[in-house]
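Worksheet: the structure to be examined is printed underneath.
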Amino acid sequence: MKYYIAKTVKGKFAVVVDRAIEALKAEGFGVLTDIDVKTTMKKKLDLDFRDYRILGACNPPLAHQALTADDKIGTMLPCNVIVQDLGSGQVEVAAIDPAISMAQVGNATLQTIADSVSSKLTRVIDAI
């Protein structure tokens with residue numbers, strides 16, 4: 001089962017990260033966390049790793065609705081979006097598909113919210 005939405009584009013890594021952040025903003029998301037995996041792997045493990053960022057994206061109104069529907073759903077928030085350098089000028093942007101993950105919860109209200117978030121994240125990925 002595919003649990004993410006993804007697209008590969010040509011471009012410079014930093015430019016694609018910026019485009020992803022702007023596309024998230026256009027859909028009402030803010031980036032709460034920005035994890036630079038390459039830097040972290042070097043600092044913590046002294047390992048070289050490709051450019052890889054994990055953006056923790058949140059749409060506050062939808063997050064509020066989800067938390068109101070189920071107070072434990074915060075364990076699944078925020079929505080992670082990754083940007084990774086695949087080499088040869090190829091950069092992948094991928095996001096969790098919340099409709100898939102929320103289906104496991106079995107809450108119809110949450111599923112409706114997750115479907116909305118999934119549609120927004122699909123538009124984000126398409127806009128890259």
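Each chain of the structure tokens is named A, B, ... in the order shown, its residues numbered from 1; ligands are numbered from 1 in display order.
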
Checklist entry - Near Asn80 (chain A), counting only C-alpha atoms, which residues have an atom at most 12 Å away, once you skip same-chain residues fewer than 3 positions from it, shown as a ChimeraX atom specification? => result /A:3-5,20-21,24,29-35,53-59,76-77,83,93-98,117-118,121

Could you turn the residues from that selection into a file that holds C-alpha atoms, as a short mmCIF file (atom, residue, chain, number, x, y, z; two decimals), in the first residue's frame?
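Contents of result21.cif, as written:
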```cif
data_model
loop_
_atom_site.label_atom_id
_atom_site.label_comp_id
_atom_site.auth_asym_id
_atom_site.auth_seq_id
_atom_site.Cartn_x
_atom_site.Cartn_y
_atom_site.Cartn_z
CA TYR A 3 1.43 5.60 2.05
CA TYR A 4 2.79 8.75 0.45
CA ILE A 5 2.31 11.24 -2.39
CA ALA A 20 7.86 23.08 -1.38
CA ILE A 21 7.58 25.54 1.51
CA LEU A 24 2.62 24.40 1.53
CA PHE A 29 0.25 24.97 5.95
CA GLY A 30 3.06 26.32 8.05
CA VAL A 31 6.34 24.52 8.59
CA LEU A 32 6.65 23.83 12.32
CA THR A 33 9.85 21.80 12.08
CA ASP A 34 12.62 21.62 9.52
CA ILE A 35 15.05 18.76 10.05
CA ARG A 53 15.06 17.60 4.67
CA ILE A 54 11.99 16.68 6.67
CA LEU A 55 9.45 19.50 6.86
CA GLY A 56 6.85 19.12 9.61
CA ALA A 57 3.83 20.83 8.04
CA CYS A 58 0.69 21.89 9.89
CA ASN A 59 -2.58 23.41 8.76
CA MET A 76 0.33 11.54 14.05
CA LEU A 77 0.84 15.28 13.62
CA VAL A 83 12.69 16.76 0.04
CA VAL A 93 9.34 15.74 -2.83
CA ALA A 94 7.08 13.36 -0.93
CA ALA A 95 4.38 13.76 1.70
CA ILE A 96 2.57 11.37 3.95
CA ASP A 97 -0.90 10.49 2.68
CA PRO A 98 -2.96 11.13 5.81
CA VAL A 117 -5.52 17.23 4.13
CA SER A 118 -4.64 14.58 1.56
CA LEU A 121 -0.96 17.80 0.09
#
```

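Nearest residue to Asp70 (chain A) among A:Met41, A:Ala108, A:Ala26, A:Val16 is A:Ala108, counting only C-alpha atoms.
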
Next on the checklist: I need the residues in region 31-87 of chain A that are helix (DSSP H, G or I) according to DSSP; give them as an MDAnalysis selection string.
Outcome noted: chainID A and resid 37:45 60:69 73:76

Item to check | Test item, strand (DSSP E or B) assignment across region 27-113 of chain A, answer as a VMD selection string | outcome: chain A and resid 30 to 36 52 to 58 79 to 87 90 to 96
